$ cat target_12.cif   # mmCIF, C-alpha atoms
data_final
#
loop_
_atom_site.label_atom_id
_atom_site.label_comp_id
_atom_site.auth_asym_id
_atom_site.auth_seq_id
_atom_site.Cartn_x
_atom_site.Cartn_y
_atom_site.Cartn_z
CA MET A 1 130.65 190.04 151.73
CA SER A 2 133.69 192.11 150.80
CA ASP A 3 133.66 194.44 147.76
CA ASP A 4 136.00 192.07 145.91
CA GLU A 5 133.71 189.11 146.55
CA ARG A 6 130.66 191.11 145.47
CA GLU A 7 132.42 192.15 142.27
CA GLU A 8 133.34 188.51 141.64
CA GLU A 9 129.68 187.50 142.15
CA GLU A 10 128.37 190.15 139.76
CA LYS A 11 130.90 189.46 137.02
CA GLU A 12 129.35 187.50 134.18
CA LEU A 13 130.88 184.07 134.17
CA ASP A 14 132.30 183.01 130.83
CA LEU A 15 134.89 180.63 129.38
CA SER A 16 137.77 182.71 130.74
CA SER A 17 137.03 180.86 134.01
CA SER A 18 138.35 177.27 134.00
CA GLU A 19 135.61 176.30 136.47
CA VAL A 20 132.96 177.41 133.94
CA VAL A 21 134.64 175.37 131.16
CA THR A 22 134.67 172.32 133.47
CA LYS A 23 130.94 172.69 134.19
CA TYR A 24 130.08 173.00 130.47
CA LYS A 25 132.19 169.93 129.69
CA SER A 26 130.71 167.91 132.57
CA ALA A 27 127.18 168.74 131.37
CA ALA A 28 128.24 167.77 127.83
CA GLU A 29 129.66 164.44 128.99
CA ILE A 30 126.34 163.60 130.67
CA VAL A 31 124.25 164.67 127.67
CA ASN A 32 126.43 162.62 125.29
CA LYS A 33 126.05 159.54 127.52
CA THR A 34 122.29 160.10 127.72
CA LEU A 35 122.05 160.38 123.94
CA GLN A 36 123.94 157.09 123.61
CA LEU A 37 121.46 155.43 125.98
CA VAL A 38 118.43 156.89 124.15
CA VAL A 39 119.71 155.79 120.71
CA LYS A 40 119.99 152.20 122.03
CA GLU A 41 116.37 152.39 123.23
CA CYS A 42 115.09 153.38 119.76
CA LYS A 43 113.74 150.01 118.65
CA PRO A 44 110.51 148.94 116.92
CA LYS A 45 107.54 148.81 119.36
CA ALA A 46 109.31 151.01 121.95
CA LYS A 47 106.95 153.60 123.47
CA ILE A 48 108.16 157.15 122.78
CA VAL A 49 107.13 158.49 126.19
CA ASP A 50 109.07 155.71 127.96
CA ILE A 51 112.25 156.61 126.07
CA CYS A 52 111.79 160.34 126.85
CA GLU A 53 111.33 159.47 130.53
CA LYS A 54 114.48 157.31 130.55
CA GLY A 55 116.50 160.15 129.01
CA ASP A 56 115.33 162.72 131.59
CA ALA A 57 115.76 160.27 134.49
CA PHE A 58 119.33 159.45 133.43
CA ILE A 59 120.26 163.16 133.25
CA ARG A 60 118.76 163.75 136.72
CA GLU A 61 120.59 160.74 138.15
CA GLN A 62 123.97 161.62 136.61
CA THR A 63 123.84 165.32 137.56
CA GLY A 64 122.59 164.40 141.04
CA ASN A 65 125.90 162.64 141.69
CA MET A 66 127.91 165.80 140.98
CA TYR A 67 128.81 168.64 143.34
CA LYS A 68 127.04 166.86 146.21
CA ASN A 69 129.39 168.29 148.80
CA ALA A 70 129.74 171.81 147.35
CA LYS A 71 129.61 174.55 150.00
CA LYS A 72 126.79 176.40 148.27
CA LYS A 73 123.90 174.55 146.61
CA ILE A 74 124.52 174.07 142.92
CA GLU A 75 121.48 173.73 140.66
CA ARG A 76 121.79 170.93 138.10
CA GLY A 77 119.63 168.65 135.98
CA VAL A 78 117.60 168.69 132.76
CA ALA A 79 118.05 171.89 130.71
CA PHE A 80 115.79 170.73 127.89
CA PRO A 81 113.48 167.70 128.18
CA THR A 82 114.20 164.66 125.99
CA CYS A 83 112.20 164.81 122.72
CA LEU A 84 111.72 162.14 120.06
CA SER A 85 110.25 163.61 116.87
CA VAL A 86 109.52 160.99 114.22
CA ASN A 87 109.60 161.20 110.38
CA ASN A 88 107.93 164.45 109.19
CA THR A 89 107.61 165.76 112.78
CA VAL A 90 110.31 168.41 113.07
CA CYS A 91 110.83 168.99 116.80
CA HIS A 92 109.66 169.18 120.44
CA PHE A 93 107.64 165.93 120.57
CA SER A 94 107.87 164.79 124.21
CA PRO A 95 104.44 163.31 124.94
CA LEU A 96 102.48 162.98 128.18
CA ALA A 97 102.41 159.70 130.11
CA SER A 98 99.02 158.75 128.61
CA ASP A 99 100.37 158.86 125.01
CA ILE A 100 100.66 155.46 123.30
CA SER A 101 102.84 156.38 120.25
CA GLU A 102 105.45 153.74 119.42
CA LEU A 103 108.46 153.61 117.14
CA GLU A 104 108.36 151.45 114.03
CA GLU A 105 111.00 149.86 111.80
CA GLY A 106 112.36 152.48 109.37
CA ASP A 107 111.27 155.50 111.45
CA MET A 108 113.54 158.52 111.28
CA VAL A 109 113.89 159.78 114.84
CA LYS A 110 115.16 163.21 115.87
CA ILE A 111 116.46 163.03 119.46
CA ASP A 112 116.85 166.37 121.24
CA MET A 113 117.88 167.06 124.87
CA GLY A 114 119.86 169.28 127.22
CA CYS A 115 121.60 169.14 130.58
CA HIS A 116 123.01 171.81 132.88
CA ILE A 117 125.34 172.09 135.82
CA ASP A 118 125.06 175.34 137.77
CA GLY A 119 123.15 176.79 134.80
CA PHE A 120 125.92 176.01 132.29
CA ILE A 121 124.02 174.26 129.52
CA ALA A 122 125.00 171.57 127.02
CA VAL A 123 122.43 170.64 124.36
CA VAL A 124 122.47 168.08 121.59
CA ALA A 125 120.23 166.76 118.80
CA HIS A 126 120.87 163.71 116.66
CA THR A 127 119.02 161.82 113.91
CA HIS A 128 118.73 158.04 114.02
CA VAL A 129 116.91 155.69 111.66
CA VAL A 130 115.35 152.65 113.36
CA LYS A 131 117.01 149.99 111.21
CA ASP A 132 120.10 147.79 110.93
CA GLY A 133 122.67 148.43 108.24
CA PRO A 134 123.47 151.60 106.28
CA VAL A 135 120.98 154.41 105.71
CA THR A 136 120.35 154.97 101.98
CA GLY A 137 118.37 157.11 99.53
CA ARG A 138 116.66 160.35 100.58
CA HIS A 139 116.93 159.39 104.27
CA ALA A 140 120.72 159.44 103.83
CA ASP A 141 120.61 162.67 101.79
CA VAL A 142 118.74 164.64 104.42
CA ILE A 143 120.92 163.38 107.30
CA ALA A 144 124.07 164.13 105.29
CA ALA A 145 122.67 167.60 104.49
CA ALA A 146 122.08 168.40 108.18
CA ASN A 147 125.38 166.90 109.28
CA THR A 148 127.51 168.55 106.56
CA ALA A 149 125.78 171.87 107.29
CA ALA A 150 126.64 171.36 110.99
CA GLU A 151 130.29 170.65 110.10
CA VAL A 152 130.44 173.83 108.01
CA ALA A 153 128.73 175.84 110.78
CA LEU A 154 131.30 174.54 113.28
CA ARG A 155 134.07 176.01 111.11
CA LEU A 156 132.30 179.35 110.57
CA VAL A 157 131.21 179.98 114.16
CA ARG A 158 134.50 181.59 115.11
CA PRO A 159 135.57 185.01 116.38
CA GLY A 160 135.38 187.64 113.65
CA LYS A 161 132.77 185.79 111.57
CA LYS A 162 129.15 187.01 111.40
CA ASN A 163 125.91 185.14 112.05
CA LYS A 164 124.82 185.82 108.44
CA ASP A 165 127.89 183.91 107.14
CA VAL A 166 126.57 180.75 108.83
CA THR A 167 122.97 181.20 107.59
CA ASP A 168 124.09 181.54 103.95
CA ALA A 169 126.55 178.64 104.10
CA THR A 170 124.19 176.09 105.67
CA GLN A 171 121.52 176.84 103.07
CA LYS A 172 124.05 176.30 100.29
CA VAL A 173 125.05 172.92 101.79
CA ALA A 174 121.42 171.75 102.05
CA ALA A 175 120.80 172.72 98.40
CA ALA A 176 123.75 170.55 97.35
CA TYR A 177 121.81 167.54 98.69
CA ASP A 178 118.57 168.79 97.09
CA CYS A 179 117.19 169.53 100.58
CA LYS A 180 116.05 172.67 102.40
CA ILE A 181 117.11 174.09 105.74
CA VAL A 182 113.92 174.33 107.82
CA GLU A 183 112.69 177.87 108.50
CA GLY A 184 112.17 179.30 111.97
CA VAL A 185 114.94 177.31 113.69
CA LEU A 186 117.30 179.57 115.64
CA SER A 187 120.80 178.84 116.93
CA HIS A 188 121.28 180.74 120.19
CA GLN A 189 124.13 181.94 122.30
CA LEU A 190 124.13 180.13 125.65
CA LYS A 191 124.87 181.84 128.97
CA GLN A 192 124.49 180.76 132.58
CA PHE A 193 120.80 179.76 133.01
CA VAL A 194 120.03 181.28 129.56
CA ILE A 195 119.18 178.73 126.85
CA ASP A 196 118.15 181.39 124.31
CA GLY A 197 120.64 184.26 124.51
CA ASN A 198 120.28 187.44 122.44
CA LYS A 199 122.92 186.59 119.83
CA VAL A 200 121.18 184.39 117.28
CA VAL A 201 121.94 182.59 114.01
CA LEU A 202 118.92 182.39 111.71
CA SER A 203 118.38 179.14 109.79
CA VAL A 204 116.78 180.86 106.79
CA SER A 205 116.55 184.60 106.17
CA SER A 206 113.01 185.58 105.25
CA PRO A 207 110.92 188.77 105.39
CA ASP A 208 109.01 187.36 108.41
CA THR A 209 112.04 186.54 110.54
CA ARG A 210 114.78 189.06 111.04
CA VAL A 211 117.54 189.00 113.61
CA ASP A 212 120.20 191.55 114.49
CA ASP A 213 123.56 191.22 112.79
CA ALA A 214 126.06 189.82 115.27
CA GLU A 215 129.72 188.86 115.31
CA PHE A 216 131.03 185.82 117.18
CA GLU A 217 133.52 186.55 119.95
CA GLU A 218 136.05 184.58 121.96
CA ASN A 219 134.75 182.97 125.21
CA GLU A 220 131.16 182.72 123.91
CA VAL A 221 129.12 179.51 123.82
CA TYR A 222 126.56 178.61 121.14
CA ALA A 223 123.95 175.92 120.51
CA ILE A 224 124.15 175.43 116.75
CA ASP A 225 120.84 174.02 115.58
CA ILE A 226 120.45 172.64 112.05
CA VAL A 227 117.25 171.04 110.73
CA ALA A 228 117.08 169.87 107.08
CA SER A 229 114.08 168.58 105.14
CA THR A 230 113.36 166.89 101.83
CA GLY A 231 110.16 169.00 101.76
CA GLU A 232 109.59 172.76 101.61
CA GLY A 233 111.18 173.51 105.00
CA LYS A 234 108.12 175.49 106.15
CA PRO A 235 106.78 173.50 109.10
CA LYS A 236 103.38 174.08 110.75
CA VAL A 237 101.69 173.41 114.07
CA LEU A 238 99.00 170.77 113.42
CA ASP A 239 97.64 170.42 116.95
CA GLU A 240 98.36 172.75 119.84
CA LYS A 241 97.45 169.95 122.26
CA GLN A 242 100.70 168.21 121.27
CA THR A 243 102.71 170.99 122.96
CA THR A 244 104.13 169.75 126.27
CA ILE A 245 107.33 171.79 126.66
CA TYR A 246 107.23 175.28 128.13
CA LYS A 247 109.54 177.86 129.63
CA ARG A 248 108.68 180.46 132.25
CA ALA A 249 108.62 183.95 130.69
CA VAL A 250 110.40 185.62 133.59
CA ASP A 251 109.57 189.18 132.54
CA LYS A 252 105.77 188.60 132.49
CA ASN A 253 103.27 188.82 135.36
CA TYR A 254 99.52 188.30 135.51
CA HIS A 255 97.05 187.44 138.28
CA LEU A 256 95.58 184.08 137.19
CA LYS A 257 91.82 183.66 137.70
CA MET A 258 91.52 179.86 137.92
CA LYS A 259 92.55 178.03 141.08
CA THR A 260 94.05 175.15 139.00
CA SER A 261 96.15 177.62 136.99
CA ARG A 262 97.46 179.26 140.15
CA PHE A 263 98.34 175.88 141.62
CA ILE A 264 100.19 174.77 138.47
CA PHE A 265 101.95 178.12 138.06
CA SER A 266 103.16 178.06 141.65
CA GLU A 267 104.53 174.53 141.09
CA ILE A 268 106.32 175.71 137.91
CA ASN A 269 107.85 178.70 139.72
CA GLN A 270 109.09 176.40 142.44
CA LYS A 271 110.46 173.57 140.29
CA PHE A 272 111.24 175.17 136.90
CA PRO A 273 111.74 178.92 137.41
CA ILE A 274 114.06 179.48 134.42
CA LEU A 275 114.74 176.55 132.08
CA PRO A 276 112.31 174.62 129.83
CA PHE A 277 110.33 171.77 131.39
CA THR A 278 107.83 169.13 130.29
CA ALA A 279 104.20 169.05 131.39
CA ARG A 280 104.85 165.36 132.21
CA ALA A 281 106.56 166.61 135.37
CA LEU A 282 103.25 168.13 136.54
CA GLU A 283 100.05 166.36 137.58
CA GLU A 284 98.47 165.62 134.17
CA LYS A 285 94.78 166.53 134.69
CA ARG A 286 95.54 169.79 136.49
CA ALA A 287 98.31 170.62 134.01
CA ARG A 288 96.00 170.30 130.99
CA LEU A 289 93.62 172.88 132.48
CA GLY A 290 96.07 175.19 134.22
CA LEU A 291 98.66 175.54 131.45
CA VAL A 292 96.14 176.99 128.99
CA GLU A 293 95.49 180.12 131.08
CA CYS A 294 99.22 180.53 131.80
CA VAL A 295 100.04 180.39 128.05
CA ASN A 296 97.13 182.67 127.08
CA HIS A 297 98.53 185.38 129.35
CA ASP A 298 102.14 184.93 128.17
CA LEU A 299 103.40 183.63 131.52
CA LEU A 300 104.80 180.59 129.71
CA GLN A 301 106.57 180.36 126.37
CA PRO A 302 105.44 177.17 124.55
CA TYR A 303 107.72 175.06 122.36
CA PRO A 304 105.19 173.89 119.73
CA VAL A 305 105.45 170.55 117.95
CA LEU A 306 106.05 171.37 114.27
CA HIS A 307 105.43 169.17 111.23
CA GLU A 308 106.47 169.09 107.61
CA LYS A 309 104.08 167.42 105.12
CA PRO A 310 103.51 163.64 105.41
CA GLY A 311 106.15 161.81 103.39
CA ASP A 312 108.82 164.49 103.93
CA ASP A 313 112.00 163.37 105.70
CA VAL A 314 113.45 165.65 108.37
CA ALA A 315 116.91 165.43 110.00
CA HIS A 316 118.12 167.40 113.02
CA ILE A 317 121.69 167.96 114.23
CA LYS A 318 122.41 170.27 117.16
CA PHE A 319 125.64 170.74 119.05
CA THR A 320 127.16 172.94 121.73
CA VAL A 321 130.37 174.77 120.82
CA LEU A 322 132.75 176.67 123.10
CA LEU A 323 134.68 179.48 121.38
CA MET A 324 137.94 178.97 123.24
CA PRO A 325 141.08 181.08 122.74
CA ASN A 326 142.64 178.13 120.83
CA GLY A 327 139.66 177.56 118.56
CA SER A 328 136.16 176.09 118.45
CA ASP A 329 135.50 173.15 120.76
CA ARG A 330 132.40 171.09 119.87
CA ILE A 331 131.48 169.37 123.13
CA THR A 332 128.27 167.49 122.24
CA SER A 333 127.77 164.96 119.43
CA HIS A 334 127.07 161.33 118.58
CA PRO A 335 128.41 159.23 115.67
CA LEU A 336 125.97 158.85 112.78
CA GLN A 337 124.91 155.58 111.23
CA GLU A 338 126.67 154.69 107.99
CA LEU A 339 125.18 156.88 105.25
CA HIS A 340 125.00 156.21 101.52
CA PRO A 341 123.57 159.47 100.14
CA THR A 342 122.56 159.79 96.50
CA LYS A 343 124.41 163.13 96.22
CA THR A 344 128.05 164.10 96.73
CA ILE A 345 129.60 167.47 97.48
CA ASP A 346 131.32 168.88 94.38
CA ASP A 347 131.00 172.58 95.18
CA PRO A 348 134.51 174.05 95.70
CA GLU A 349 133.26 176.64 98.22
CA ILE A 350 131.67 173.96 100.45
CA LYS A 351 134.84 171.83 100.15
CA ALA A 352 136.92 174.84 101.18
CA TRP A 353 134.72 175.43 104.26
CA LEU A 354 135.00 171.78 105.26
CA ALA A 355 138.78 171.93 104.90
CA LEU A 356 139.07 174.72 107.48
CA GLY A 357 140.60 173.68 110.80
CA THR A 358 138.63 174.19 114.00
CA LYS A 359 141.68 175.19 116.05
CA THR A 360 143.67 178.40 115.71
CA LYS A 361 147.42 178.89 115.87
CA LYS A 362 148.42 181.42 118.48
CA LYS A 363 149.99 184.54 117.04
CA GLY A 364 153.13 186.10 118.46
CA GLY A 365 155.91 184.51 120.44
CA GLY A 366 154.08 183.81 123.69
CA LYS A 367 155.44 181.12 125.95
CA LYS A 368 154.34 177.67 124.98
CA LYS A 369 152.75 175.57 127.69
CA LYS A 370 154.68 172.54 128.75
CA GLY A 371 153.35 169.06 128.18
CA LYS A 372 151.27 167.51 125.48
CA LYS A 373 148.13 169.49 126.13
CA GLY A 374 149.74 172.81 125.21
CA ASP A 375 151.25 171.35 122.06
CA LYS A 376 147.89 170.01 120.98
CA ALA A 377 146.16 173.31 121.52
CA ASP A 378 148.56 175.08 119.19
CA GLU A 379 148.32 172.66 116.31
CA SER A 380 146.14 173.57 113.39
CA THR A 381 143.85 170.61 112.79
CA GLU A 382 144.63 170.30 109.13
CA ALA A 383 144.77 166.53 109.25
CA GLU A 384 141.44 166.41 111.06
CA ALA A 385 139.93 168.84 108.54
CA GLU A 386 141.18 166.78 105.61
CA ALA A 387 139.15 163.85 106.88
CA GLU A 388 136.02 165.83 107.65
CA PRO A 389 134.44 166.15 104.19
CA MET A 390 134.45 162.36 103.93
CA ASP A 391 132.98 162.01 107.42
CA ALA A 392 130.32 164.59 106.73
CA THR A 393 128.81 162.54 103.95
CA ASN A 394 129.74 159.01 104.97
CA GLY A 395 128.34 158.94 108.44
CA GLY A 396 131.25 159.96 110.66
CA SER A 397 130.75 162.58 113.29
#
$ encode --input "target_12.cif" --output "structure tokens"
Amino acid sequence: MSDDEREEEEKELDLSSSEVVTKYKSAAEIVNKTLQLVVKECKPKAKIVDICEKGDAFIREQTGNMYKNAKKKIERGVAFPTCLSVNNTVCHFSPLASDISELEEGDMVKIDMGCHIDGFIAVVAHTHVVKDGPVTGRHADVIAAANTAAEVALRLVRPGKKNKDVTDATQKVAAAYDCKIVEGVLSHQLKQFVIDGNKVVLSVSSPDTRVDDAEFEENEVYAIDIVASTGEGKPKVLDEKQTTIYKRAVDKNYHLKMKTSRFIFSEINQKFPILPFTARALEEKRARLGLVECVNHDLLQPYPVLHEKPGDDVAHIKFTVLLMPNGSDRITSHPLQELHPTKTIDDPEIKAWLALGTKTKKKGGGKKKKGKKGDKADESTEAEAEAEPMDATNGGS
């Protein structure tokens, strides 16, 4: 390998490379299609584990068709297993094959998943109520709170802004709907094969959780993760046995004592060395035994299933955003059901945030690209922004 090639290899790949942008967008296209498929499967009497399996299988199938003939092997597939968390369950519910939980009419389902191509990750979360017709009452309030907060976050995650700006704004939006942003949820920077980068946006600032101040920069990618609740927004783990999603803690080592643990850990290292995986992908009996020792010695990072109090409604919206030179590009989403919330946004500050465009006009007299694409990139999306406040509360995306 020549010095130039080695330098190219070692250089961190970011959005300044068009190939990287293409891989993010291809992963996003697959995750958006998968979400569409999963939403259609959310019907009364549908088994949750079957829907999760269908989501993961579709991502594997779609990514498997890409880069088949690439010269060097390109890793691709599930970046975060499909989860369906119902009603007051906040996140990470992706049960084992033996689980018999089913969806019921009126259930509020949080769908969460991720896909990657060559380690470039696109994640998405969406809230769907299992019913025909518009969503009303507090169900509509909490979805509108999460969605409007996501729309505001999209406009504030831009070069020059700070992570704290986003934390404060999303809490203000939730309060306008008489809801709370759920504590402990982090929005992370995404990098190649890194689903939880060091730059973080905190959902709620509290004495227990502190993160470093950070400023957003051009060519970065973020997973913006918003969870709103009609309850206190302080979720708890009710049963550790519900945890099925784990990620290898690559910086930890320990010599496992049990044969089963060693077997399972070797399988994890082989199949899932970096990104989160579900215990469903392992042999169930062995996994139940082996995972405990791995977690106890910090070899695996668990993603616990969290719950608000029974009767609380929880909504989840997560999207992937590319901070391109011409503005923020949200690449994952799904249209919401029609919402009829009981509250409306009257706060002038929130209205001003929603009216911000997501694209930036280029400064200076640089040459303009030919063709429509270049023209589009340079427009400020004022017209789009005008429509957004309506969409944010009335069920658009």
$ closest_residue --input "target_12.cif" --among "A:Cys294, A:Cys179, A:Ala287, A:Leu15" --to "Ala228 in chain A" --atoms "only C-alpha atoms"
A:Cys179
$ atom_distance --input "target_12.cif" --atom1 "CA of Glu61 in chain A" --atom2 "CA of Val38 in chain A"
14.7 Å
$ resolve_selection --input "target_12.cif" --expression "the PyMOL selection byres ((chain A and resi 37) around 12)" --output "list in words"
Ile30, Val31, Asn32, Lys33, Thr34, Leu35, Gln36, Val38, Val39, Lys40, Glu41, Cys42, Lys43, Ile51, Cys52, Glu53, Lys54, Gly55, Asp56, Ala57, Phe58, Ile59, Thr82, Ile111 and His334 of chain A
$ write_last_selection --input "target_12.cif" --atoms "C-alpha atoms" --output "tab-separated table (two decimals), keeping the file's coordinate frame"
chain	number	residue	atom	x	y	z
A	30	ILE	CA	126.34	163.60	130.67
A	31	VAL	CA	124.25	164.67	127.67
A	32	ASN	CA	126.43	162.62	125.29
A	33	LYS	CA	126.05	159.54	127.52
A	34	THR	CA	122.29	160.10	127.72
A	35	LEU	CA	122.05	160.38	123.94
A	36	GLN	CA	123.94	157.09	123.61
A	38	VAL	CA	118.43	156.89	124.15
A	39	VAL	CA	119.71	155.79	120.71
A	40	LYS	CA	119.99	152.20	122.03
A	41	GLU	CA	116.37	152.39	123.23
A	42	CYS	CA	115.09	153.38	119.76
A	43	LYS	CA	113.74	150.01	118.65
A	51	ILE	CA	112.25	156.61	126.07
A	52	CYS	CA	111.79	160.34	126.85
A	53	GLU	CA	111.33	159.47	130.53
A	54	LYS	CA	114.48	157.31	130.55
A	55	GLY	CA	116.50	160.15	129.01
A	56	ASP	CA	115.33	162.72	131.59
A	57	ALA	CA	115.76	160.27	134.49
A	58	PHE	CA	119.33	159.45	133.43
A	59	ILE	CA	120.26	163.16	133.25
A	82	THR	CA	114.20	164.66	125.99
A	111	ILE	CA	116.46	163.03	119.46
A	334	HIS	CA	127.07	161.33	118.58
$ closest_residue --input "target_12.cif" --among "A:Thr230, A:Asn88, A:Thr209, A:Asn163" --to "Asp107 in chain A" --atoms "all atoms listed in the file"
A:Asn88
$ atom_distance --input "target_12.cif" --atom1 "CA of Lys309 in chain A" --atom2 "CA of Ile195 in chain A"
28.8 Å
$ atom_distance --input "target_12.cif" --atom1 "CA of Gly290 in chain A" --atom2 "CA of Lys257 in chain A"
10.1 Å
$ resolve_selection --input "target_12.cif" --expression "the PyMOL selection byres ((chain A and resi 150) around 10)" --output "PDB file with C-alpha atoms, keeping the file's coordinate frame"
ATOM      1  CA  ALA A 144     124.070 164.130 105.290  1.00  0.00           C
ATOM      2  CA  ALA A 145     122.670 167.600 104.490  1.00  0.00           C
ATOM      3  CA  ALA A 146     122.080 168.400 108.180  1.00  0.00           C
ATOM      4  CA  ASN A 147     125.380 166.900 109.280  1.00  0.00           C
ATOM      5  CA  THR A 148     127.510 168.550 106.560  1.00  0.00           C
ATOM      6  CA  ALA A 149     125.780 171.870 107.290  1.00  0.00           C
ATOM      7  CA  GLU A 151     130.290 170.650 110.100  1.00  0.00           C
ATOM      8  CA  VAL A 152     130.440 173.830 108.010  1.00  0.00           C
ATOM      9  CA  ALA A 153     128.730 175.840 110.780  1.00  0.00           C
ATOM     10  CA  LEU A 154     131.300 174.540 113.280  1.00  0.00           C
ATOM     11  CA  ARG A 155     134.070 176.010 111.110  1.00  0.00           C
ATOM     12  CA  LEU A 156     132.300 179.350 110.570  1.00  0.00           C
ATOM     13  CA  VAL A 166     126.570 180.750 108.830  1.00  0.00           C
ATOM     14  CA  THR A 170     124.190 176.090 105.670  1.00  0.00           C
ATOM     15  CA  VAL A 173     125.050 172.920 101.790  1.00  0.00           C
ATOM     16  CA  ILE A 224     124.150 175.430 116.750  1.00  0.00           C
ATOM     17  CA  ASP A 225     120.840 174.020 115.580  1.00  0.00           C
ATOM     18  CA  ILE A 226     120.450 172.640 112.050  1.00  0.00           C
ATOM     19  CA  VAL A 227     117.250 171.040 110.730  1.00  0.00           C
ATOM     20  CA  HIS A 316     118.120 167.400 113.020  1.00  0.00           C
ATOM     21  CA  ILE A 317     121.690 167.960 114.230  1.00  0.00           C
ATOM     22  CA  LYS A 318     122.410 170.270 117.160  1.00  0.00           C
ATOM     23  CA  PHE A 319     125.640 170.740 119.050  1.00  0.00           C
ATOM     24  CA  ALA A 392     130.320 164.590 106.730  1.00  0.00           C
ATOM     25  CA  SER A 397     130.750 162.580 113.290  1.00  0.00           C
TER      26      SER A 397
END
$ resolve_selection --input "target_12.cif" --expression "the PyMOL selection byres ((chain A and resi 275) around 8)" --output "ChimeraX atom specification"
/A:79-80,193-195,247-248,272-274,276-277
$ residues_around --input "target_12.cif" --residues "Met258 in chain A" --least-positions-apart "2" --cutoff "12 Å" --atoms "all atoms listed in the file" --output "list in words"
Tyr254, His255, Leu256, Thr260, Ser261, Arg262, Phe263, Ile264, Phe265, Arg286, Leu289, Gly290, Leu291, Val292, Glu293 and Cys294 of chain A
$ closest_residue --input "target_12.cif" --among "A:Lys164, A:Lys45, A:Glu338, A:Ile100" --to "Asp213 in chain A" --atoms "all atoms listed in the file"
A:Lys164
$ closest_residue --input "target_12.cif" --among "A:Ala176, A:Leu202, A:Leu322, A:Val129" --to "Pro348 in chain A" --atoms "all atoms listed in the file"
A:Ala176
$ residues_around --input "target_12.cif" --residues "Gln171 in chain A" --least-positions-apart "5" --cutoff "8 Å" --atoms "all atoms listed in the file" --output "ChimeraX atom specification"
/A:149,180-181,203-204
$ write_last_selection --input "target_12.cif" --atoms "C-alpha atoms" --output "CSV table (one decimal), in the frame of the given file"
chain,number,residue,atom,x,y,z
A,149,ALA,CA,125.8,171.9,107.3
A,180,LYS,CA,116.0,172.7,102.4
A,181,ILE,CA,117.1,174.1,105.7
A,203,SER,CA,118.4,179.1,109.8
A,204,VAL,CA,116.8,180.9,106.8
$ residues_around --input "target_12.cif" --residues "Pro95 in chain A" --least-positions-apart "6" --cutoff "12 Å" --atoms "all atoms listed in the file" --output "number ranges by chain"
A: 47-53, 81-85, 101-102, 241-245, 278-281, 284, 304-305
$ closest_residue --input "target_12.cif" --among "A:Val201, A:Ala140, A:Ala70, A:Leu356" --to "Lys343 in chain A" --atoms "all atoms listed in the file"
A:Ala140
